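See below for the structure under consideration.
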Amino acid sequence: MDTFEAIHSRRSVRQYKTTPVPDDVLNKVLEAARWAPSWANTQCTRYVIVRDPVVKEKLAGLVNRGNPSTEALKNAPIVIVACAELRKAGFYKGVVSTDRGDWFMFDVGIAMENLALAAQAAGLGTVHVGFIPDSKKVDELLELPEGVVSVEMTPLGYPAGESKAPPRKELSEIVFYEKYGKH
Ligand SMILES: Cc1cc2nc3c(=O)[nH]c(=O)nc-3n(C[C@H](O)[C@H](O)[C@H](O)COP(=O)(O)O)c2cc1C
């Protein structure tokens, strides 16, 4: 599958088969995340692979009430929780470099989208799940050390059925030339 095809065909998958994901396939998608770019190659992203049904159930209980991915977090064979080491992205010699602060959300986002695209190419589904009102509870559940925080999680598994593409804005609505708002 070429890059454009993977980008276009990737969907948020919220229904999964219980079929296990072989370790070599899991490693392939993790490898795609590993090769994502990061601030000064600081590679702040960490991945916790959860297979334990009890822990998956607890993670599902930490998303907002009515989150459409709640069942997916319980049913998929794997949940990957993306975490970040703080004070790496956006820092130079330990000092914050820009007025945007810690860039961990950016670096984790890039890495996790690499993972999602590689999963798509491997016939697997993912969905970025970020609506977690109290992410400290995720941190505690997974025993994250001081200075590491959870950012998002995704189920990983074989999709059960098709997912429809929600529409996108037209390029004319989101692309400007020379100055913001200029077409
Ligand atoms: C940062 C982020 C957080 C998201 N959080 C959730 C979530 O909590 N639950 C959910 O079902 N989908 C979540 N999504 C998935 C979006 O709803 C989805 O990507 C969007 O509707 C476009 O659909 P598509 O991924 O199929 O193209 C999230 C996506 C992103 C990028």
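How things are named: the first chain in the structure tokens is A, the next is B, and so on; residues count from 1 in each chain; ligands count from 1 in the order shown.
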Apply DSSP to the structure's backbone, then extract all residues of chain A labelled helix (DSSP H, G or I) and return them as an mmCIF file with N, CA and C atoms, in the first residue's frame.
data_model
loop_
_atom_site.group_PDB
_atom_site.id
_atom_site.type_symbol
_atom_site.label_atom_id
_atom_site.label_comp_id
_atom_site.auth_asym_id
_atom_site.auth_seq_id
_atom_site.Cartn_x
_atom_site.Cartn_y
_atom_site.Cartn_z
ATOM 1 N N THR A 3 1.823 5.362 0.354
ATOM 2 C CA THR A 3 1.541 6.283 1.467
ATOM 3 C C THR A 3 0.193 6.970 1.306
ATOM 4 N N PHE A 4 -0.075 7.467 0.080
ATOM 5 C CA PHE A 4 -1.332 8.183 -0.138
ATOM 6 C C PHE A 4 -2.541 7.279 0.084
ATOM 7 N N GLU A 5 -2.408 6.040 -0.378
ATOM 8 C CA GLU A 5 -3.521 5.085 -0.203
ATOM 9 C C GLU A 5 -3.754 4.834 1.288
ATOM 10 N N ALA A 6 -2.677 4.674 2.031
ATOM 11 C CA ALA A 6 -2.817 4.453 3.485
ATOM 12 C C ALA A 6 -3.468 5.666 4.145
ATOM 13 N N ILE A 7 -3.039 6.859 3.746
ATOM 14 C CA ILE A 7 -3.599 8.089 4.344
ATOM 15 C C ILE A 7 -5.087 8.200 4.031
ATOM 16 N N HIS A 8 -5.428 7.951 2.763
ATOM 17 C CA HIS A 8 -6.834 8.102 2.359
ATOM 18 C C HIS A 8 -7.743 7.020 2.932
ATOM 19 N N SER A 9 -7.238 5.814 3.009
ATOM 20 C CA SER A 9 -8.114 4.702 3.398
ATOM 21 C C SER A 9 -8.163 4.498 4.920
ATOM 22 N N ASP A 23 2.806 -11.080 17.143
ATOM 23 C CA ASP A 23 3.852 -10.192 17.659
ATOM 24 C C ASP A 23 4.642 -9.496 16.555
ATOM 25 N N ASP A 24 4.904 -10.232 15.441
ATOM 26 C CA ASP A 24 5.705 -9.588 14.392
ATOM 27 C C ASP A 24 4.935 -8.438 13.743
ATOM 28 N N VAL A 25 3.602 -8.568 13.669
ATOM 29 C CA VAL A 25 2.784 -7.482 13.095
ATOM 30 C C VAL A 25 2.754 -6.302 14.073
ATOM 31 N N LEU A 26 2.588 -6.611 15.347
ATOM 32 C CA LEU A 26 2.616 -5.548 16.365
ATOM 33 C C LEU A 26 3.950 -4.800 16.304
ATOM 34 N N ASN A 27 5.028 -5.558 16.203
ATOM 35 C CA ASN A 27 6.348 -4.914 16.168
ATOM 36 C C ASN A 27 6.518 -4.034 14.939
ATOM 37 N N LYS A 28 5.900 -4.449 13.829
ATOM 38 C CA LYS A 28 6.003 -3.655 12.602
ATOM 39 C C LYS A 28 5.350 -2.276 12.791
ATOM 40 N N VAL A 29 4.182 -2.255 13.426
ATOM 41 C CA VAL A 29 3.516 -0.948 13.600
ATOM 42 C C VAL A 29 4.247 -0.098 14.647
ATOM 43 N N LEU A 30 4.818 -0.767 15.644
ATOM 44 C CA LEU A 30 5.607 -0.021 16.635
ATOM 45 C C LEU A 30 6.877 0.551 16.001
ATOM 46 N N GLU A 31 7.419 -0.212 15.079
ATOM 47 C CA GLU A 31 8.614 0.234 14.346
ATOM 48 C C GLU A 31 8.317 1.517 13.557
ATOM 49 N N ALA A 32 7.121 1.576 12.967
ATOM 50 C CA ALA A 32 6.720 2.785 12.221
ATOM 51 C C ALA A 32 6.650 3.980 13.159
ATOM 52 N N ALA A 33 6.171 3.759 14.369
ATOM 53 C CA ALA A 33 6.113 4.845 15.357
ATOM 54 C C ALA A 33 7.525 5.249 15.771
ATOM 55 N N ARG A 34 8.379 4.266 15.942
ATOM 56 C CA ARG A 34 9.761 4.519 16.374
ATOM 57 C C ARG A 34 10.503 5.441 15.407
ATOM 58 N N TRP A 39 11.285 16.250 18.061
ATOM 59 C CA TRP A 39 12.054 17.461 18.366
ATOM 60 C C TRP A 39 13.515 17.093 18.657
ATOM 61 N N ALA A 40 14.424 17.607 17.814
ATOM 62 C CA ALA A 40 15.871 17.354 17.976
ATOM 63 C C ALA A 40 16.162 15.867 18.200
ATOM 64 N N ASN A 41 15.310 15.044 17.631
ATOM 65 C CA ASN A 41 15.423 13.580 17.762
ATOM 66 C C ASN A 41 15.433 13.127 19.228
ATOM 67 N N PRO A 53 -7.243 -8.187 29.881
ATOM 68 C CA PRO A 53 -8.637 -7.729 29.748
ATOM 69 C C PRO A 53 -9.081 -6.855 30.928
ATOM 70 N N VAL A 54 -8.548 -7.136 32.111
ATOM 71 C CA VAL A 54 -8.948 -6.351 33.291
ATOM 72 C C VAL A 54 -8.452 -4.907 33.144
ATOM 73 N N VAL A 55 -7.226 -4.760 32.680
ATOM 74 C CA VAL A 55 -6.650 -3.407 32.520
ATOM 75 C C VAL A 55 -7.348 -2.685 31.365
ATOM 76 N N LYS A 56 -7.633 -3.429 30.285
ATOM 77 C CA LYS A 56 -8.349 -2.804 29.147
ATOM 78 C C LYS A 56 -9.706 -2.272 29.608
ATOM 79 N N GLU A 57 -10.389 -3.058 30.397
ATOM 80 C CA GLU A 57 -11.699 -2.653 30.945
ATOM 81 C C GLU A 57 -11.551 -1.373 31.785
ATOM 82 N N LYS A 58 -10.497 -1.340 32.601
ATOM 83 C CA LYS A 58 -10.272 -0.146 33.436
ATOM 84 C C LYS A 58 -9.966 1.065 32.571
ATOM 85 N N LEU A 59 -9.160 0.878 31.516
ATOM 86 C CA LEU A 59 -8.851 1.996 30.610
ATOM 87 C C LEU A 59 -10.138 2.509 29.959
ATOM 88 N N ALA A 60 -10.982 1.561 29.535
ATOM 89 C CA ALA A 60 -12.252 1.945 28.896
ATOM 90 C C ALA A 60 -13.112 2.759 29.861
ATOM 91 N N THR A 70 -15.472 3.348 23.533
ATOM 92 C CA THR A 70 -15.406 2.643 24.824
ATOM 93 C C THR A 70 -15.372 1.117 24.632
ATOM 94 N N GLU A 71 -16.302 0.593 23.848
ATOM 95 C CA GLU A 71 -16.360 -0.875 23.655
ATOM 96 C C GLU A 71 -15.124 -1.375 22.926
ATOM 97 N N ALA A 72 -14.629 -0.556 21.988
ATOM 98 C CA ALA A 72 -13.440 -0.953 21.211
ATOM 99 C C ALA A 72 -12.248 -1.179 22.137
ATOM 100 N N LEU A 73 -12.137 -0.338 23.164
ATOM 101 C CA LEU A 73 -11.010 -0.481 24.102
ATOM 102 C C LEU A 73 -11.101 -1.787 24.879
ATOM 103 N N LYS A 74 -12.325 -2.278 25.061
ATOM 104 C CA LYS A 74 -12.493 -3.555 25.782
ATOM 105 C C LYS A 74 -12.314 -4.743 24.837
ATOM 106 N N ASN A 75 -12.826 -4.602 23.612
ATOM 107 C CA ASN A 75 -12.907 -5.759 22.705
ATOM 108 C C ASN A 75 -11.645 -6.028 21.899
ATOM 109 N N PHE A 104 5.486 17.865 23.717
ATOM 110 C CA PHE A 104 5.257 16.406 23.758
ATOM 111 C C PHE A 104 3.993 15.984 23.021
ATOM 112 N N MET A 105 2.948 16.822 23.072
ATOM 113 C CA MET A 105 1.702 16.440 22.391
ATOM 114 C C MET A 105 1.940 16.304 20.882
ATOM 115 N N PHE A 106 2.768 17.180 20.355
ATOM 116 C CA PHE A 106 3.083 17.184 18.929
ATOM 117 C C PHE A 106 3.844 15.908 18.559
ATOM 118 N N ASP A 107 4.895 15.624 19.305
ATOM 119 C CA ASP A 107 5.731 14.462 18.976
ATOM 120 C C ASP A 107 4.968 13.150 19.157
ATOM 121 N N VAL A 108 4.162 13.072 20.208
ATOM 122 C CA VAL A 108 3.360 11.848 20.397
ATOM 123 C C VAL A 108 2.342 11.725 19.259
ATOM 124 N N GLY A 109 1.764 12.850 18.861
ATOM 125 C CA GLY A 109 0.780 12.826 17.770
ATOM 126 C C GLY A 109 1.371 12.313 16.471
ATOM 127 N N ILE A 110 2.547 12.805 16.143
ATOM 128 C CA ILE A 110 3.191 12.349 14.898
ATOM 129 C C ILE A 110 3.463 10.850 14.969
ATOM 130 N N ALA A 111 4.024 10.421 16.096
ATOM 131 C CA ALA A 111 4.395 9.010 16.236
ATOM 132 C C ALA A 111 3.160 8.111 16.147
ATOM 133 N N MET A 112 2.090 8.559 16.794
ATOM 134 C CA MET A 112 0.895 7.720 16.806
ATOM 135 C C MET A 112 0.197 7.699 15.447
ATOM 136 N N GLU A 113 0.328 8.773 14.676
ATOM 137 C CA GLU A 113 -0.255 8.716 13.339
ATOM 138 C C GLU A 113 0.595 7.819 12.436
ATOM 139 N N ASN A 114 1.907 7.840 12.609
ATOM 140 C CA ASN A 114 2.742 6.863 11.893
ATOM 141 C C ASN A 114 2.251 5.447 12.198
ATOM 142 N N LEU A 115 2.004 5.214 13.482
ATOM 143 C CA LEU A 115 1.542 3.889 13.922
ATOM 144 C C LEU A 115 0.197 3.544 13.275
ATOM 145 N N ALA A 116 -0.707 4.534 13.244
ATOM 146 C CA ALA A 116 -2.041 4.297 12.673
ATOM 147 C C ALA A 116 -1.947 3.969 11.181
ATOM 148 N N LEU A 117 -1.059 4.667 10.476
ATOM 149 C CA LEU A 117 -0.926 4.433 9.031
ATOM 150 C C LEU A 117 -0.286 3.068 8.756
ATOM 151 N N ALA A 118 0.703 2.711 9.561
ATOM 152 C CA ALA A 118 1.330 1.393 9.390
ATOM 153 C C ALA A 118 0.329 0.292 9.710
ATOM 154 N N ALA A 119 -0.502 0.525 10.736
ATOM 155 C CA ALA A 119 -1.530 -0.461 11.085
ATOM 156 C C ALA A 119 -2.500 -0.629 9.909
ATOM 157 N N GLN A 120 -2.889 0.481 9.314
ATOM 158 C CA GLN A 120 -3.788 0.433 8.162
ATOM 159 C C GLN A 120 -3.175 -0.397 7.025
ATOM 160 N N ALA A 121 -1.902 -0.155 6.757
ATOM 161 C CA ALA A 121 -1.208 -0.890 5.690
ATOM 162 C C ALA A 121 -1.126 -2.386 6.015
ATOM 163 N N SER A 135 -6.594 12.158 32.967
ATOM 164 C CA SER A 135 -5.552 11.264 32.446
ATOM 165 C C SER A 135 -4.583 10.798 33.542
ATOM 166 N N LYS A 136 -4.589 11.496 34.679
ATOM 167 C CA LYS A 136 -3.726 11.057 35.803
ATOM 168 C C LYS A 136 -4.116 9.650 36.259
ATOM 169 N N LYS A 137 -5.397 9.330 36.102
ATOM 170 C CA LYS A 137 -5.847 7.985 36.494
ATOM 171 C C LYS A 137 -5.235 6.923 35.579
ATOM 172 N N VAL A 138 -5.054 7.260 34.317
ATOM 173 C CA VAL A 138 -4.357 6.345 33.393
ATOM 174 C C VAL A 138 -2.904 6.205 33.850
ATOM 175 N N ASP A 139 -2.296 7.344 34.177
ATOM 176 C CA ASP A 139 -0.886 7.326 34.618
ATOM 177 C C ASP A 139 -0.717 6.409 35.839
ATOM 178 N N GLU A 140 -1.662 6.518 36.766
ATOM 179 C CA GLU A 140 -1.581 5.705 37.994
ATOM 180 C C GLU A 140 -1.793 4.226 37.680
ATOM 181 N N LEU A 141 -2.789 3.948 36.853
ATOM 182 C CA LEU A 141 -3.114 2.555 36.508
ATOM 183 C C LEU A 141 -1.908 1.846 35.894
ATOM 184 N N LEU A 171 -9.909 22.106 0.460
ATOM 185 C CA LEU A 171 -8.612 22.796 0.545
ATOM 186 C C LEU A 171 -8.799 24.312 0.541
ATOM 187 N N SER A 172 -9.797 24.768 -0.244
ATOM 188 C CA SER A 172 -10.017 26.228 -0.341
ATOM 189 C C SER A 172 -10.402 26.839 1.013
ATOM 190 N N GLU A 173 -10.892 26.001 1.931
ATOM 191 C CA GLU A 173 -11.269 26.515 3.258
ATOM 192 C C GLU A 173 -10.094 26.564 4.231
ATOM 193 N N ILE A 174 -9.060 25.781 3.942
ATOM 194 C CA ILE A 174 -7.996 25.624 4.952
ATOM 195 C C ILE A 174 -6.607 26.044 4.480
#
Residues of chain A that have any atom at most 8 Å from an atom of ligand 1: could you tabulate them with the shortest-distance atom pair and the distance in Å to one decimal, using only C-alpha atoms and all ligand atoms, ordered by chain and increasing number, as CSV?
residue,atom,partner,partner_atom_place_in_ligand_line,distance
A:Arg10,CA,ligand 1,27 (O),6.6
A:Arg11,CA,ligand 1,26 (O),3.5
A:Ser12,CA,ligand 1,26 (O),3.8
A:Val13,CA,ligand 1,26 (O),7.0
A:Arg14,CA,ligand 1,11 (O),6.9
A:Val63,CA,ligand 1,8 (O),6.9
A:Asn64,CA,ligand 1,8 (O),7.6
A:Asn67,CA,ligand 1,9 (N),5.4
A:Pro68,CA,ligand 1,11 (O),4.5
A:Ser69,CA,ligand 1,11 (O),4.3
A:Thr70,CA,ligand 1,11 (O),7.7
A:Gly109,CA,ligand 1,1 (C),7.3
A:Val127,CA,ligand 1,15 (C),5.8
A:His128,CA,ligand 1,28 (C),4.6
A:Val129,CA,ligand 1,8 (O),3.7
A:Gly130,CA,ligand 1,5 (N),3.9
A:Phe131,CA,ligand 1,8 (O),3.8
A:Ile132,CA,ligand 1,8 (O),6.8
A:Glu152,CA,ligand 1,3 (C),7.3
A:Ser163,CA,ligand 1,26 (O),7.0
A:Lys164,CA,ligand 1,26 (O),6.9
A:Ala165,CA,ligand 1,26 (O),5.2
A:Pro166,CA,ligand 1,23 (O),5.6
* **Coordinates-based distance that separates atom CA of Ala36 of chain A from atom CA of Tyr158 of chain A (Å, one decimal)** =>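 Atom-to-atom, atom CA of Tyr158 of chain A and atom CA of Ala36 of chain A are spaced 23.2 Å apart.
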* Asked: Got a sec: who's within 6 Å of segment 80-94 of chain A, counting only C-alpha atoms, leaving out chain neighbours fewer than 4 positions off, as JSON, numbers by chain?
  -> {"A": [39, 44, 45, 46, 47, 48, 49, 102, 103, 104, 147, 148, 149, 150, 151, 152, 153, 154]}
* **Top pick for closest residue to Leu62 of chain A, considering A:Glu146, A:Glu170, A:Asp134, A:Glu162 and counting only C-alpha atoms** =>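 With only C-alpha atoms as the atom set, the closest residue is A:Asp134.
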* To do: Could you jot down the atom CA of His183 of chain A to atom CA of Thr98 of chain A separation for me, Å, one decimal place?
  => 29.6 Å
* Asked: Hey, what does DSSP flag as strand (DSSP E or B) within chain A? Can you give it to me as a PyMOL selection string?
  -> chain A and resi 12+16+45-50+78-85+91-92+95-96+125-126+129+148-157+159
Just the selected residues (N, CA and C atoms), exported as an mmCIF file, in the first residue's frame, please.
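New file out11.cif:
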data_model
loop_
_atom_site.group_PDB
_atom_site.id
_atom_site.type_symbol
_atom_site.label_atom_id
_atom_site.label_comp_id
_atom_site.auth_asym_id
_atom_site.auth_seq_id
_atom_site.Cartn_x
_atom_site.Cartn_y
_atom_site.Cartn_z
ATOM 1 N N SER A 12 -10.971 5.812 11.511
ATOM 2 C CA SER A 12 -11.082 5.476 12.921
ATOM 3 C C SER A 12 -11.932 4.216 13.023
ATOM 4 N N TYR A 16 -14.056 -4.148 16.571
ATOM 5 C CA TYR A 16 -12.917 -5.045 16.361
ATOM 6 C C TYR A 16 -13.306 -6.504 16.506
ATOM 7 N N THR A 45 8.345 9.856 23.036
ATOM 8 C CA THR A 45 7.159 8.985 23.110
ATOM 9 C C THR A 45 7.491 7.602 23.658
ATOM 10 N N ARG A 46 6.608 7.111 24.522
ATOM 11 C CA ARG A 46 6.716 5.760 25.081
ATOM 12 C C ARG A 46 5.387 5.051 24.841
ATOM 13 N N TYR A 47 5.424 3.732 24.761
ATOM 14 C CA TYR A 47 4.238 2.954 24.403
ATOM 15 C C TYR A 47 4.020 1.865 25.444
ATOM 16 N N VAL A 48 2.841 1.821 26.000
ATOM 17 C CA VAL A 48 2.515 0.717 26.914
ATOM 18 C C VAL A 48 1.501 -0.176 26.182
ATOM 19 N N ILE A 49 1.894 -1.432 25.991
ATOM 20 C CA ILE A 49 1.047 -2.395 25.273
ATOM 21 C C ILE A 49 0.222 -3.137 26.316
ATOM 22 N N VAL A 50 -1.095 -3.012 26.208
ATOM 23 C CA VAL A 50 -1.973 -3.639 27.203
ATOM 24 C C VAL A 50 -2.771 -4.753 26.528
ATOM 25 N N ILE A 78 -5.604 -5.674 21.723
ATOM 26 C CA ILE A 78 -4.516 -4.851 22.290
ATOM 27 C C ILE A 78 -5.009 -3.415 22.432
ATOM 28 N N VAL A 79 -4.570 -2.771 23.506
ATOM 29 C CA VAL A 79 -4.689 -1.303 23.606
ATOM 30 C C VAL A 79 -3.278 -0.761 23.776
ATOM 31 N N ILE A 80 -2.946 0.212 22.945
ATOM 32 C CA ILE A 80 -1.636 0.865 23.083
ATOM 33 C C ILE A 80 -1.855 2.232 23.720
ATOM 34 N N VAL A 81 -1.201 2.446 24.843
ATOM 35 C CA VAL A 81 -1.287 3.752 25.505
ATOM 36 C C VAL A 81 0.005 4.512 25.191
ATOM 37 N N ALA A 82 -0.175 5.662 24.534
ATOM 38 C CA ALA A 82 0.985 6.483 24.171
ATOM 39 C C ALA A 82 1.272 7.462 25.303
ATOM 40 N N CYS A 83 2.523 7.465 25.732
ATOM 41 C CA CYS A 83 2.940 8.311 26.852
ATOM 42 C C CYS A 83 4.096 9.187 26.386
ATOM 43 N N ALA A 84 4.428 10.158 27.217
ATOM 44 C CA ALA A 84 5.542 11.045 26.866
ATOM 45 C C ALA A 84 6.407 11.326 28.073
ATOM 46 N N GLU A 85 7.699 11.313 27.835
ATOM 47 C CA GLU A 85 8.645 11.849 28.826
ATOM 48 C C GLU A 85 8.593 13.359 28.681
ATOM 49 N N PHE A 91 12.707 21.440 24.134
ATOM 50 C CA PHE A 91 13.734 21.896 25.086
ATOM 51 C C PHE A 91 15.125 21.816 24.444
ATOM 52 N N TYR A 92 16.001 22.723 24.846
ATOM 53 C CA TYR A 92 17.406 22.659 24.439
ATOM 54 C C TYR A 92 18.258 22.790 25.701
ATOM 55 N N VAL A 95 16.372 23.611 28.777
ATOM 56 C CA VAL A 95 15.654 24.890 28.872
ATOM 57 C C VAL A 95 14.614 24.954 27.756
ATOM 58 N N VAL A 96 13.428 25.391 28.124
ATOM 59 C CA VAL A 96 12.361 25.480 27.135
ATOM 60 C C VAL A 96 12.761 26.453 26.021
ATOM 61 N N GLY A 125 -6.822 -2.051 12.450
ATOM 62 C CA GLY A 125 -7.520 -0.808 12.736
ATOM 63 C C GLY A 125 -6.972 -0.143 13.992
ATOM 64 N N THR A 126 -7.164 1.171 14.055
ATOM 65 C CA THR A 126 -6.813 1.971 15.240
ATOM 66 C C THR A 126 -7.840 3.090 15.356
ATOM 67 N N VAL A 129 -7.688 7.790 20.732
ATOM 68 C CA VAL A 129 -8.666 8.105 21.787
ATOM 69 C C VAL A 129 -8.005 9.091 22.752
ATOM 70 N N VAL A 148 6.649 11.321 33.451
ATOM 71 C CA VAL A 148 6.060 10.671 32.272
ATOM 72 C C VAL A 148 4.543 10.772 32.391
ATOM 73 N N VAL A 149 3.885 11.161 31.282
ATOM 74 C CA VAL A 149 2.423 11.290 31.309
ATOM 75 C C VAL A 149 1.802 10.516 30.148
ATOM 76 N N SER A 150 0.583 10.081 30.338
ATOM 77 C CA SER A 150 -0.139 9.458 29.231
ATOM 78 C C SER A 150 -0.752 10.558 28.372
ATOM 79 N N VAL A 151 -0.892 10.277 27.079
ATOM 80 C CA VAL A 151 -1.444 11.273 26.155
ATOM 81 C C VAL A 151 -2.711 10.754 25.488
ATOM 82 N N GLU A 152 -2.615 9.609 24.882
ATOM 83 C CA GLU A 152 -3.769 9.041 24.189
ATOM 84 C C GLU A 152 -3.652 7.533 24.198
ATOM 85 N N MET A 153 -4.718 6.857 23.774
ATOM 86 C CA MET A 153 -4.618 5.412 23.617
ATOM 87 C C MET A 153 -5.359 5.000 22.360
ATOM 88 N N THR A 154 -4.976 3.837 21.833
ATOM 89 C CA THR A 154 -5.700 3.305 20.689
ATOM 90 C C THR A 154 -5.882 1.806 20.847
ATOM 91 N N PRO A 155 -7.071 1.331 20.511
ATOM 92 C CA PRO A 155 -7.201 -0.112 20.361
ATOM 93 C C PRO A 155 -6.397 -0.514 19.123
ATOM 94 N N LEU A 156 -5.936 -1.745 19.088
ATOM 95 C CA LEU A 156 -5.262 -2.268 17.890
ATOM 96 C C LEU A 156 -5.783 -3.674 17.651
ATOM 97 N N GLY A 157 -6.315 -3.887 16.452
ATOM 98 C CA GLY A 157 -6.840 -5.207 16.133
ATOM 99 C C GLY A 157 -7.411 -5.209 14.726
ATOM 100 N N PRO A 159 -10.254 -4.987 12.056
ATOM 101 C CA PRO A 159 -11.567 -4.327 12.033
ATOM 102 C C PRO A 159 -12.700 -5.325 11.798
#
